[in-house]
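**Q** File protein31.cif follows (mmCIF, C-alpha atoms):
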data_upload
#
loop_
_atom_site.label_atom_id
_atom_site.label_comp_id
_atom_site.auth_asym_id
_atom_site.auth_seq_id
_atom_site.Cartn_x
_atom_site.Cartn_y
_atom_site.Cartn_z
CA MET B 1 68.08 -96.80 -110.44
CA ASP B 2 64.74 -96.73 -108.69
CA ALA B 3 63.87 -100.16 -110.06
CA ASN B 4 67.03 -101.59 -108.50
CA LEU B 5 66.21 -100.07 -105.15
CA ALA B 6 62.71 -101.49 -105.33
CA ALA B 7 64.09 -104.97 -105.92
CA ILE B 8 66.57 -104.78 -103.09
CA ALA B 9 64.32 -103.07 -100.58
CA PRO B 10 62.07 -106.07 -99.70
CA VAL B 11 65.18 -108.02 -98.71
CA ALA B 12 66.61 -105.21 -96.60
CA SER B 13 63.41 -104.60 -94.71
CA GLY B 14 62.54 -108.26 -94.33
CA PRO B 15 62.67 -110.23 -91.06
CA ALA B 16 66.10 -110.18 -89.35
CA PHE B 17 68.16 -112.27 -91.76
CA LEU B 18 70.46 -110.35 -94.07
CA PRO B 19 72.36 -112.19 -96.76
CA PRO B 20 76.12 -112.17 -96.22
CA PRO B 21 77.99 -109.68 -98.46
CA SER B 22 79.63 -112.48 -100.46
CA ALA B 23 76.31 -113.65 -101.87
CA ALA B 24 75.59 -111.07 -104.55
CA ALA B 25 72.51 -112.80 -105.93
CA PRO B 26 69.14 -111.67 -104.49
CA ALA B 27 68.27 -113.96 -101.59
CA ASP B 28 64.49 -113.85 -101.97
CA ALA B 29 63.71 -116.26 -104.79
CA SER B 30 59.94 -116.06 -104.46
CA ALA B 31 59.78 -112.42 -105.55
CA PRO B 32 62.38 -111.91 -108.26
CA GLY B 33 62.53 -108.41 -109.63
CA ALA B 34 63.59 -107.40 -113.12
CA PHE B 35 67.13 -107.08 -111.91
CA ALA B 36 67.20 -110.59 -110.51
CA ARG B 37 65.83 -111.92 -113.77
CA LEU B 38 68.57 -110.10 -115.65
CA LEU B 39 71.16 -111.62 -113.35
CA GLN B 40 69.65 -115.05 -113.86
CA HIS B 41 69.84 -114.59 -117.60
CA GLU B 42 73.45 -113.51 -117.44
CA VAL B 43 74.38 -116.50 -115.31
CA GLY B 44 72.76 -118.71 -117.91
CA ALA B 45 74.69 -117.03 -120.70
CA LEU B 46 77.91 -117.41 -118.73
CA ASP B 47 77.13 -121.08 -118.16
CA ASP B 48 76.59 -121.52 -121.90
CA THR B 49 80.01 -120.11 -122.73
CA LEU B 50 81.59 -122.42 -120.15
CA LYS B 51 79.73 -125.41 -121.57
CA VAL B 52 80.92 -124.61 -125.08
CA ALA B 53 84.51 -124.18 -123.86
CA GLU B 54 84.43 -127.47 -121.99
CA ALA B 55 82.91 -129.32 -124.96
CA GLY B 56 85.71 -128.01 -127.17
CA MET B 57 88.33 -129.14 -124.68
CA ARG B 58 86.74 -132.60 -124.43
CA ASP B 59 86.65 -133.01 -128.21
CA LEU B 60 90.24 -131.89 -128.54
CA ALA B 61 91.38 -134.34 -125.85
CA ALA B 62 89.40 -137.14 -127.50
CA ASP B 63 91.11 -136.46 -130.84
CA LYS B 64 87.82 -135.52 -132.44
CA PRO B 65 87.93 -133.45 -135.62
CA VAL B 66 87.47 -130.07 -133.94
CA GLU B 67 89.26 -126.98 -135.19
CA LEU B 68 91.93 -125.78 -132.79
CA HIS B 69 91.08 -122.14 -133.37
CA ASP B 70 87.46 -122.84 -132.45
CA VAL B 71 88.54 -124.35 -129.14
CA MET B 72 90.70 -121.29 -128.42
CA ILE B 73 87.84 -118.96 -129.35
CA GLY B 74 85.53 -120.89 -127.01
CA LEU B 75 88.02 -120.55 -124.17
CA GLU B 76 88.47 -116.84 -124.79
CA ARG B 77 84.72 -116.22 -124.83
CA ALA B 78 84.38 -118.12 -121.55
CA ARG B 79 87.24 -116.20 -119.97
CA ILE B 80 85.77 -112.85 -120.98
CA SER B 81 82.32 -113.88 -119.73
CA VAL B 82 83.67 -115.06 -116.39
CA GLN B 83 85.89 -112.02 -115.81
CA THR B 84 83.14 -109.60 -116.77
CA PHE B 85 80.65 -111.40 -114.57
CA VAL B 86 83.03 -111.35 -111.60
CA GLN B 87 83.47 -107.62 -112.11
CA VAL B 88 79.70 -107.09 -112.19
CA ARG B 89 79.30 -109.23 -109.08
CA ASN B 90 81.96 -107.26 -107.22
CA LYS B 91 80.27 -104.00 -108.17
CA LEU B 92 76.95 -105.39 -106.96
CA VAL B 93 78.46 -106.42 -103.64
CA GLU B 94 80.05 -102.98 -103.31
CA ALA B 95 76.74 -101.28 -104.04
CA PHE B 96 74.94 -103.53 -101.59
CA GLN B 97 77.47 -102.84 -98.88
CA ASP B 98 77.23 -99.09 -99.55
CA LEU B 99 73.48 -99.39 -99.26
CA MET B 100 73.72 -101.25 -95.96
CA ARG B 101 76.01 -98.57 -94.56
CA MET B 102 73.54 -95.81 -95.35
CA GLN B 103 71.86 -94.27 -92.33
CA LEU B 104 68.15 -94.50 -93.14
CA MET G 1 85.86 -137.08 -140.08
CA ASP G 2 89.47 -136.17 -140.54
CA TYR G 3 91.13 -139.52 -141.21
CA VAL G 4 94.22 -138.04 -142.66
CA THR G 5 95.88 -134.99 -141.18
CA ALA G 6 98.09 -132.60 -143.07
CA ILE G 7 101.00 -133.98 -141.07
CA ASP G 8 100.31 -137.53 -142.29
CA ILE G 9 100.22 -136.25 -145.86
CA SER G 10 103.53 -134.40 -145.64
CA ALA G 11 105.21 -137.27 -143.80
CA ALA G 12 104.11 -139.72 -146.52
CA GLY G 13 105.40 -137.34 -149.18
CA MET G 14 108.77 -137.10 -147.46
CA ALA G 15 109.01 -140.87 -147.18
CA ALA G 16 108.25 -141.22 -150.89
CA GLN G 17 110.96 -138.74 -151.86
CA LYS G 18 113.41 -140.55 -149.60
CA ALA G 19 112.68 -143.72 -151.56
CA ARG G 20 113.59 -141.89 -154.76
CA LEU G 21 116.86 -140.83 -153.17
CA GLU G 22 117.52 -144.40 -152.08
CA ALA G 23 116.93 -145.68 -155.60
CA ALA G 24 119.34 -143.14 -157.06
CA ALA G 25 121.93 -143.90 -154.36
CA LEU G 26 121.67 -147.64 -155.04
CA ASN G 27 122.01 -147.16 -158.78
CA LEU G 28 124.96 -144.81 -158.46
CA ALA G 29 126.71 -147.15 -156.02
CA ASN G 30 126.37 -150.06 -158.44
CA MET G 31 127.21 -148.15 -161.58
CA ASN G 32 130.54 -149.82 -161.99
CA ALA G 33 129.60 -153.27 -160.74
CA SER G 34 130.46 -155.55 -163.58
CA ALA G 35 129.03 -159.02 -164.06
CA PRO G 36 130.59 -162.13 -165.57
CA PRO G 37 129.43 -162.93 -169.11
CA GLY G 38 125.95 -164.50 -169.03
CA ALA G 39 125.24 -163.51 -165.43
CA PRO G 40 122.35 -161.08 -164.90
CA GLY G 41 124.33 -158.51 -162.95
CA TYR G 42 122.90 -155.55 -161.02
CA ARG G 43 119.41 -154.53 -162.12
CA PRO G 44 118.87 -150.76 -161.79
CA VAL G 45 115.90 -149.80 -159.63
CA GLN G 46 113.43 -146.95 -159.69
CA ALA G 47 110.95 -145.66 -157.15
CA VAL G 48 107.34 -145.91 -158.23
CA ILE G 49 105.09 -143.60 -156.26
CA ARG G 50 101.37 -144.17 -155.94
CA ALA G 51 98.73 -142.23 -154.04
CA ALA G 52 96.64 -144.59 -151.95
CA THR G 53 93.52 -143.85 -149.95
CA PRO G 54 94.27 -144.60 -146.30
CA PHE G 55 92.77 -147.81 -144.96
CA ALA G 56 90.90 -146.17 -142.10
CA ALA G 57 88.92 -144.06 -144.54
CA LEU G 58 88.19 -147.07 -146.77
CA LEU G 59 86.93 -148.94 -143.73
CA HIS G 60 84.32 -146.26 -143.16
CA GLY G 61 83.55 -145.83 -146.81
CA ARG G 62 84.70 -142.23 -146.89
CA THR G 63 86.95 -140.37 -149.23
CA ALA G 64 90.06 -138.90 -147.74
CA LEU G 65 93.13 -137.23 -149.11
CA PRO G 66 95.51 -139.90 -150.43
CA LEU G 67 98.86 -140.78 -148.92
CA ALA G 68 101.92 -141.21 -151.11
CA ARG G 69 103.55 -144.60 -151.06
CA ALA G 70 106.73 -145.58 -152.89
CA GLU G 71 108.19 -148.92 -153.73
CA LEU G 72 111.44 -149.77 -155.39
CA VAL G 73 110.97 -151.80 -158.55
CA PRO G 74 113.53 -152.96 -161.09
CA GLN G 75 113.71 -150.76 -164.12
CA SER G 76 112.61 -152.24 -167.40
CA ALA G 77 115.45 -154.31 -168.77
CA ALA G 78 117.84 -152.25 -170.77
CA THR G 79 120.82 -153.45 -172.70
CA PRO G 80 123.85 -153.41 -170.45
CA ARG G 81 126.56 -150.88 -171.03
CA LEU G 82 129.50 -152.54 -172.70
CA ALA G 83 133.06 -151.36 -172.27
CA TYR G 84 136.17 -152.67 -173.96
CA GLU G 85 138.43 -153.90 -171.16
CA PRO G 86 140.31 -156.98 -172.39
CA GLY G 87 142.23 -157.60 -169.16
CA HIS G 88 139.14 -157.42 -166.95
CA PRO G 89 138.19 -160.66 -165.12
CA ASP G 90 134.58 -160.30 -166.34
CA ALA G 91 135.55 -159.66 -169.94
CA ASP G 92 133.94 -161.91 -172.53
CA ALA G 93 135.60 -163.49 -175.56
CA ASN G 94 135.70 -160.10 -177.31
CA GLY G 95 137.15 -158.30 -174.28
CA MET G 96 133.85 -156.54 -173.57
CA VAL G 97 132.72 -156.10 -169.98
CA ALA G 98 129.02 -155.65 -169.15
CA TYR G 99 128.03 -152.91 -166.73
CA PRO G 100 124.51 -151.97 -165.53
CA ALA G 101 122.70 -149.58 -167.84
CA ILE G 102 122.73 -146.59 -165.51
CA ASP G 103 122.73 -143.00 -166.72
CA HIS G 104 124.85 -141.06 -164.25
CA THR G 105 123.41 -137.69 -165.23
CA ALA G 106 119.85 -138.92 -164.98
CA GLU G 107 120.47 -140.38 -161.54
CA MET G 108 122.07 -137.13 -160.32
CA MET G 109 119.09 -135.19 -161.66
CA ALA G 110 116.81 -137.56 -159.76
CA VAL G 111 118.78 -136.85 -156.57
CA ILE G 112 118.40 -133.10 -157.03
CA THR G 113 114.71 -133.28 -157.90
CA ALA G 114 113.93 -135.63 -155.03
CA THR G 115 115.83 -133.43 -152.58
CA ARG G 116 113.90 -130.35 -153.66
CA ALA G 117 110.62 -132.21 -153.43
CA TYR G 118 111.59 -133.49 -149.97
CA GLU G 119 112.29 -129.93 -148.84
CA ALA G 120 108.97 -128.77 -150.28
CA ASN G 121 107.20 -131.40 -148.16
CA LEU G 122 109.18 -130.18 -145.17
CA ALA G 123 107.96 -126.65 -145.85
CA ALA G 124 104.38 -127.93 -145.93
CA LEU G 125 104.94 -129.68 -142.59
CA GLN G 126 106.29 -126.46 -141.08
CA ALA G 127 103.31 -124.50 -142.40
CA THR G 128 100.96 -126.96 -140.67
CA ARG G 129 102.90 -126.52 -137.43
CA THR G 130 102.71 -122.74 -137.78
CA LEU G 131 98.93 -122.84 -138.13
CA ALA G 132 98.61 -124.86 -134.93
CA ALA G 133 101.06 -122.62 -133.06
CA LYS G 134 99.26 -119.44 -134.13
CA ALA G 135 95.89 -120.88 -133.17
CA LEU G 136 97.20 -121.58 -129.67
CA GLU G 137 98.24 -117.94 -129.37
CA ILE G 138 94.67 -116.70 -129.75
CA GLY G 139 93.84 -114.73 -126.64
CA GLY G 140 93.44 -111.20 -125.37
CA GLN G 141 96.77 -109.46 -125.49
CA MET H 1 77.06 -108.20 -119.74
CA PRO H 2 78.50 -107.25 -123.12
CA ALA H 3 78.71 -110.16 -125.55
CA PRO H 4 81.37 -110.02 -128.26
CA ASN H 5 79.75 -109.67 -131.65
CA PRO H 6 79.22 -113.35 -132.52
CA SER H 7 78.90 -112.98 -136.26
CA ALA H 8 82.28 -111.26 -136.62
CA ILE H 9 84.04 -113.97 -134.65
CA ASP H 10 82.11 -116.71 -136.43
CA ARG H 11 83.07 -115.34 -139.80
CA ILE H 12 86.73 -115.20 -138.90
CA SER H 13 86.54 -118.71 -137.49
CA ALA H 14 84.98 -119.98 -140.73
CA SER H 15 87.70 -118.28 -142.73
CA MET H 16 90.34 -119.92 -140.56
CA SER H 17 88.72 -123.31 -141.06
CA ILE H 18 88.90 -122.80 -144.82
CA ALA H 19 92.56 -121.81 -144.53
CA THR H 20 93.21 -125.02 -142.57
CA LEU H 21 91.52 -127.03 -145.32
CA ARG H 22 93.50 -125.21 -147.97
CA ASN H 23 96.73 -125.99 -146.11
CA GLN H 24 95.80 -129.66 -146.18
CA VAL H 25 95.04 -129.60 -149.91
CA ILE H 26 98.28 -127.80 -150.79
CA ALA H 27 100.22 -130.29 -148.62
CA SER H 28 98.55 -133.08 -150.58
CA ASN H 29 99.42 -131.50 -153.94
CA ILE H 30 103.04 -131.17 -152.85
CA ALA H 31 103.31 -134.66 -151.35
CA ASN H 32 101.57 -136.51 -154.20
CA ARG H 33 103.02 -134.51 -157.07
CA ASP H 34 105.05 -137.50 -158.34
CA ALA H 35 102.38 -140.11 -157.64
CA GLN H 36 101.20 -141.79 -160.81
CA ASP H 37 97.48 -141.84 -160.16
CA TYR H 38 97.14 -138.54 -158.33
CA GLN H 39 94.89 -135.74 -159.49
CA ARG H 40 95.67 -132.24 -158.25
CA LEU H 41 93.06 -130.83 -155.89
CA GLU H 42 91.82 -127.41 -154.98
CA VAL H 43 89.39 -125.86 -152.52
CA ARG H 44 86.24 -124.70 -154.22
CA PHE H 45 83.08 -123.07 -152.98
CA THR H 46 79.64 -124.42 -153.74
CA ARG H 47 76.35 -122.82 -153.02
CA ALA H 48 74.04 -125.01 -150.94
CA LEU H 49 70.28 -124.98 -151.32
CA ASP H 50 69.94 -122.45 -148.51
CA ASP H 51 72.41 -120.21 -150.33
CA SER H 52 75.10 -120.74 -147.71
CA ARG H 53 78.58 -121.26 -149.02
CA ALA H 54 80.30 -124.57 -148.44
CA ALA H 55 83.96 -125.22 -149.09
CA VAL H 56 84.72 -128.51 -150.77
CA VAL H 57 87.82 -130.26 -151.97
CA ALA H 58 87.54 -130.94 -155.68
CA PRO H 59 89.84 -131.87 -158.55
CA ASP H 60 91.73 -128.87 -159.80
CA ALA H 61 89.92 -127.20 -162.68
CA SER H 62 93.20 -126.18 -164.27
CA PRO H 63 95.62 -128.97 -163.39
CA ALA H 64 98.14 -127.93 -166.01
CA ALA H 65 99.32 -125.10 -163.78
CA GLY H 66 101.20 -125.80 -160.60
CA SER H 67 104.93 -126.01 -160.20
CA VAL H 68 106.37 -126.81 -156.80
CA GLU H 69 107.27 -123.14 -156.45
CA GLN H 70 103.69 -122.15 -157.07
CA ASP H 71 102.53 -124.60 -154.42
CA LEU H 72 105.02 -123.18 -151.94
CA VAL H 73 103.85 -119.63 -152.64
CA GLU H 74 100.24 -120.69 -152.04
CA LEU H 75 101.34 -122.42 -148.86
CA SER H 76 103.04 -119.28 -147.54
CA THR H 77 100.22 -116.96 -148.52
CA ASN H 78 97.65 -119.19 -146.89
CA ALA H 79 99.66 -119.49 -143.66
CA ALA H 80 100.13 -115.72 -143.52
CA HIS H 81 96.38 -115.23 -143.96
CA TYR H 82 95.67 -117.67 -141.12
CA GLN H 83 98.18 -115.93 -138.86
CA ALA H 84 96.69 -112.55 -139.64
CA MET H 85 93.22 -113.71 -138.67
CA ALA H 86 94.48 -115.30 -135.45
CA ARG H 87 96.13 -112.00 -134.58
CA VAL H 88 93.00 -110.04 -135.44
CA LEU H 89 90.99 -112.31 -133.13
CA SER H 90 93.42 -111.70 -130.29
CA ARG H 91 93.19 -107.95 -130.79
CA TYR H 92 89.42 -108.15 -130.85
CA PHE H 93 89.30 -110.06 -127.56
CA SER H 94 91.75 -107.57 -126.09
CA LEU H 95 89.42 -104.79 -127.17
CA ILE H 96 86.50 -106.48 -125.41
CA ASP H 97 88.65 -106.75 -122.29
CA THR H 98 89.29 -103.03 -122.38
CA ILE H 99 85.63 -102.20 -122.94
CA THR H 100 84.42 -104.39 -120.08
CA GLY H 101 87.22 -103.22 -117.81
CA ASN H 102 88.63 -106.71 -117.44
CA ARG H 103 92.13 -105.46 -117.97
CA GLY H 104 91.79 -101.73 -117.72
CA ALA H 105 92.23 -99.18 -120.53
#
What is this structure when it is put down as structure tokens?
**A**
Amino acid sequence: MDANLAAIAPVASGPAFLPPPSAAAPADASAPGAFARLLQHEVGALDDTLKVAEAGMRDLAADKPVELHDVMIGLERARISVQTFVQVRNKLVEAFQDLMRMQL
Amino acid sequence: MDYVTAIDISAAGMAAQKARLEAAALNLANMNASAPPGAPGYRPVQAVIRAATPFAALLHGRTALPLARAELVPQSAATPRLAYEPGHPDADANGMVAYPAIDHTAEMMAVITATRAYEANLAALQATRTLAAKALEIGGQ
Amino acid sequence: MPAPNPSAIDRISASMSIATLRNQVIASNIANRDAQDYQRLEVRFTRALDDSRAAVVAPDASPAAGSVEQDLVELSTNAAHYQAMARVLSRYFSLIDTITGNRGA
């Protein structure tokens, strides 16, 4: 938990500008902490699942010899990735807002 | 490359069995069609089924599952069935009338066999549809 | 972010692909049964150089067997197997949803 606070702290104590609550990603790109890197990695993984899903859909539409069950599996994986990621993002936003409300 | 789908295969099979039914129906319909003496008369037909590689696959030099194709050909010439009917317009000097050499029982058997085979192809078609339908149902539930 | 176990899903997907191939082969055996120059086919497994298994369509090793009824039984069994795996996949994804809280326990 301390590591997370350390990553967020430079942003909170920085000059004036605070990122709006809707942007869950760390605003300071020049000093990414371990947490930001993890987030980056997860976004990449999410993007991969979406790419695979879209490729399957394209092949199916183009009448290419792609297995229908593989396309469905690709879509399911993408759905799960997106929904999980949205949940994580919401929790992050919540945590950030809680942090901002703390009297320090 | 999937040049031939399971649906194409079953559809071709059904078409081939239909041809067999047509042949039997034609033969049965003309069973009692007499011919004047010396005239050729009705020539019984049969459905010959061959399995041909689809053209699209040949074009690309690939092997693909073959598609059934039937054509109606005349049966090998058999001696006509002769019946003694002296008053018949087509009777010859001896009162014998020539009818096509068609075996009623054999043709009925062909109808039954072809029908069963047709239904088997239908079952295969339905199985293919089931696979697709079940694949579409994949999802968290 | 939890990732569904890829190898389990991949294995089921491969099994479903084989079932799809088998469905095609059985359909061919049924459709071409009365064709003069047709040789019955079956799905066989070969071992590639890297020891992975590959499914191929090959002439039936025992062509003498195979009535229409037998073909229909194989057809049904294969379809049931495919359905079962599709269902298992759905359950698995549902399980992941529960674990990640996507749908709630």
**Q** Can you list, as a list in words, the residues that the PyMOL selection byres ((chain H) within 7 of (chain G)) selects here?
**A**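 When the PyMOL selection byres ((chain H) within 7 of (chain G)) is applied to the shown file, the picked residues are Asn23, Gln24, Ala27, Ser28, Ile30, Ala31, Asn32, Asp34, Ala35, Gln36, Asp37, Tyr38, Leu75, Ala79, Tyr82, Gln83, Ala86, Arg87, Leu89, Ser90, Arg91, Phe93 and Ser94 of chain H.
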**Q** Select from chain H every residue with an atom at most 12 Å from any atom of region 69-76 of chain B, then for each give the shortest pair of atoms and their distance in Å to one decimal, using only C-alpha atoms, rows by chain and rising number, as JSON lines.
**A**
{"residue": "H:Ala3", "atom": "CA", "partner": "B:Glu76", "partner_atom": "CA", "distance": 11.9}
{"residue": "H:Pro4", "atom": "CA", "partner": "B:Glu76", "partner_atom": "CA", "distance": 10.4}
{"residue": "H:Pro6", "atom": "CA", "partner": "B:Ile73", "partner_atom": "CA", "distance": 10.8}
{"residue": "H:Ala8", "atom": "CA", "partner": "B:Ile73", "partner_atom": "CA", "distance": 12.0}
{"residue": "H:Ile9", "atom": "CA", "partner": "B:Ile73", "partner_atom": "CA", "distance": 8.2}
{"residue": "H:Asp10", "atom": "CA", "partner": "B:Asp70", "partner_atom": "CA", "distance": 9.1}
{"residue": "H:Arg11", "atom": "CA", "partner": "B:Asp70", "partner_atom": "CA", "distance": 11.4}
{"residue": "H:Ile12", "atom": "CA", "partner": "B:His69", "partner_atom": "CA", "distance": 9.9}
{"residue": "H:Ser13", "atom": "CA", "partner": "B:Asp70", "partner_atom": "CA", "distance": 6.6}
{"residue": "H:Ala14", "atom": "CA", "partner": "B:Asp70", "partner_atom": "CA", "distance": 9.1}
{"residue": "H:Ser15", "atom": "CA", "partner": "B:His69", "partner_atom": "CA", "distance": 10.7}
{"residue": "H:Met16", "atom": "CA", "partner": "B:His69", "partner_atom": "CA", "distance": 7.6}
{"residue": "H:Ser17", "atom": "CA", "partner": "B:His69", "partner_atom": "CA", "distance": 8.1}
{"residue": "H:Ile18", "atom": "CA", "partner": "B:His69", "partner_atom": "CA", "distance": 11.7}
{"residue": "H:Ala19", "atom": "CA", "partner": "B:His69", "partner_atom": "CA", "distance": 11.3}
{"residue": "H:Thr20", "atom": "CA", "partner": "B:His69", "partner_atom": "CA", "distance": 9.9}
{"residue": "H:Tyr82", "atom": "CA", "partner": "B:His69", "partner_atom": "CA", "distance": 10.1}
{"residue": "H:Gln83", "atom": "CA", "partner": "B:His69", "partner_atom": "CA", "distance": 10.9}
{"residue": "H:Met85", "atom": "CA", "partner": "B:His69", "partner_atom": "CA", "distance": 10.2}
{"residue": "H:Ala86", "atom": "CA", "partner": "B:His69", "partner_atom": "CA", "distance": 7.9}
{"residue": "H:Arg87", "atom": "CA", "partner": "B:His69", "partner_atom": "CA", "distance": 11.4}
{"residue": "H:Val88", "atom": "CA", "partner": "B:Ile73", "partner_atom": "CA", "distance": 12.0}
{"residue": "H:Leu89", "atom": "CA", "partner": "B:Ile73", "partner_atom": "CA", "distance": 8.3}
{"residue": "H:Ser90", "atom": "CA", "partner": "B:Glu76", "partner_atom": "CA", "distance": 9.0}
{"residue": "H:Arg91", "atom": "CA", "partner": "B:Glu76", "partner_atom": "CA", "distance": 11.7}
{"residue": "H:Tyr92", "atom": "CA", "partner": "B:Glu76", "partner_atom": "CA", "distance": 10.6}
{"residue": "H:Phe93", "atom": "CA", "partner": "B:Glu76", "partner_atom": "CA", "distance": 7.4}
{"residue": "H:Ser94", "atom": "CA", "partner": "B:Glu76", "partner_atom": "CA", "distance": 9.9}
{"residue": "H:Ile96", "atom": "CA", "partner": "B:Glu76", "partner_atom": "CA", "distance": 10.6}
{"residue": "H:Asp97", "atom": "CA", "partner": "B:Glu76", "partner_atom": "CA", "distance": 10.4}
**Q** In Å, rounded to a single decimal, give me how far CA of Pro74 (chain G) is from CA of Gln46 (chain G).
**A** 6.2 Å
**Q** Exactly which residues make up the result of the PyMOL selection byres ((chain H and resi 55) around 6) on this file, given as an mmCIF file with C-alpha atoms, keeping the file's coordinate frame?
**A**
data_model
loop_
_atom_site.group_PDB
_atom_site.id
_atom_site.type_symbol
_atom_site.label_atom_id
_atom_site.label_comp_id
_atom_site.auth_asym_id
_atom_site.auth_seq_id
_atom_site.Cartn_x
_atom_site.Cartn_y
_atom_site.Cartn_z
ATOM 1 C CA ARG H 44 86.240 -124.700 -154.220
ATOM 2 C CA PHE H 45 83.080 -123.070 -152.980
ATOM 3 C CA ALA H 54 80.300 -124.570 -148.440
ATOM 4 C CA VAL H 56 84.720 -128.510 -150.770
#
**Q** Evaluate the PyMOL selection byres ((chain B and resi 47-62) around 10) here and jot the selected residues down as a PyMOL selection string.
**A** chain B and resi 41-46+63-68+70-82
**Q** One number please: CA of Thr79 (chain G) to CA of Val45 (chain G), in Å, one decimal.
**A**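 Between CA of Thr79 (chain G) and CA of Val45 (chain G) the gap is 14.4 Å.
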**Q** Select, from B:Ala95, B:Ala34, B:Val88, B:Leu104, the residue with the minimum atom-to-atom distance to chain H, counting all atoms listed in the file.
**A**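 Among the listed residues, the smallest separation from chain H belongs to B:Val88.
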**Q** Measuring between only C-alpha atoms, which one of B:Met102, B:Arg37, B:Phe85, B:Lys91 shows the shortest distance to chain H?
**A** B:Phe85
**Q** If I take CA of Ala91 (chain G) and CA of Ala39 (chain G), how far is one from the other in Å, to one decimal?
**A** 11.9 Å
**Q** Using all atoms of region 38-49 of chain B listed in the file and a margin of 4 Å per side, can you give the axis-aligned box centre and edge lengths in Å to one decimal, as JSON?
**A**
{"center_x": 74.3, "center_y": -115.8, "center_z": -118.0, "size_x": 19.4, "size_y": 19.4, "size_z": 17.4}
**Q** Need to verify the contact set: region 95-110 of chain G, 7 Å, only C-alpha atoms, exclusion of same-chain residues closer than 5 positions in sequence. Can you return it as a list in words?
**A**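 Residues meeting the cut-off are Ala24, Asn27, Leu28, Met31, Asn32, Ala33, Ser34, Ala35, Tyr42, Arg43, Pro44, Ala78, Thr79, Pro80, Arg81, Leu82, Ala83, Tyr84, Glu85, Pro86 and Asp90 of chain G.
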**Q** Kindly export the residues of the current selection with C-alpha atoms, as a PDB file, in the frame of the given file.
**A**
ATOM      1  CA  ALA G  24     119.340-143.140-157.060  1.00  0.00           C
ATOM      2  CA  ASN G  27     122.010-147.160-158.780  1.00  0.00           C
ATOM      3  CA  LEU G  28     124.960-144.810-158.460  1.00  0.00           C
ATOM      4  CA  MET G  31     127.210-148.150-161.580  1.00  0.00           C
ATOM      5  CA  ASN G  32     130.540-149.820-161.990  1.00  0.00           C
ATOM      6  CA  ALA G  33     129.600-153.270-160.740  1.00  0.00           C
ATOM      7  CA  SER G  34     130.460-155.550-163.580  1.00  0.00           C
ATOM      8  CA  ALA G  35     129.030-159.020-164.060  1.00  0.00           C
ATOM      9  CA  TYR G  42     122.900-155.550-161.020  1.00  0.00           C
ATOM     10  CA  ARG G  43     119.410-154.530-162.120  1.00  0.00           C
ATOM     11  CA  PRO G  44     118.870-150.760-161.790  1.00  0.00           C
ATOM     12  CA  ALA G  78     117.840-152.250-170.770  1.00  0.00           C
ATOM     13  CA  THR G  79     120.820-153.450-172.700  1.00  0.00           C
ATOM     14  CA  PRO G  80     123.850-153.410-170.450  1.00  0.00           C
ATOM     15  CA  ARG G  81     126.560-150.880-171.030  1.00  0.00           C
ATOM     16  CA  LEU G  82     129.500-152.540-172.700  1.00  0.00           C
ATOM     17  CA  ALA G  83     133.060-151.360-172.270  1.00  0.00           C
ATOM     18  CA  TYR G  84     136.170-152.670-173.960  1.00  0.00           C
ATOM     19  CA  GLU G  85     138.430-153.900-171.160  1.00  0.00           C
ATOM     20  CA  PRO G  86     140.310-156.980-172.390  1.00  0.00           C
ATOM     21  CA  ASP G  90     134.580-160.300-166.340  1.00  0.00           C
TER      22      ASP G  90
END
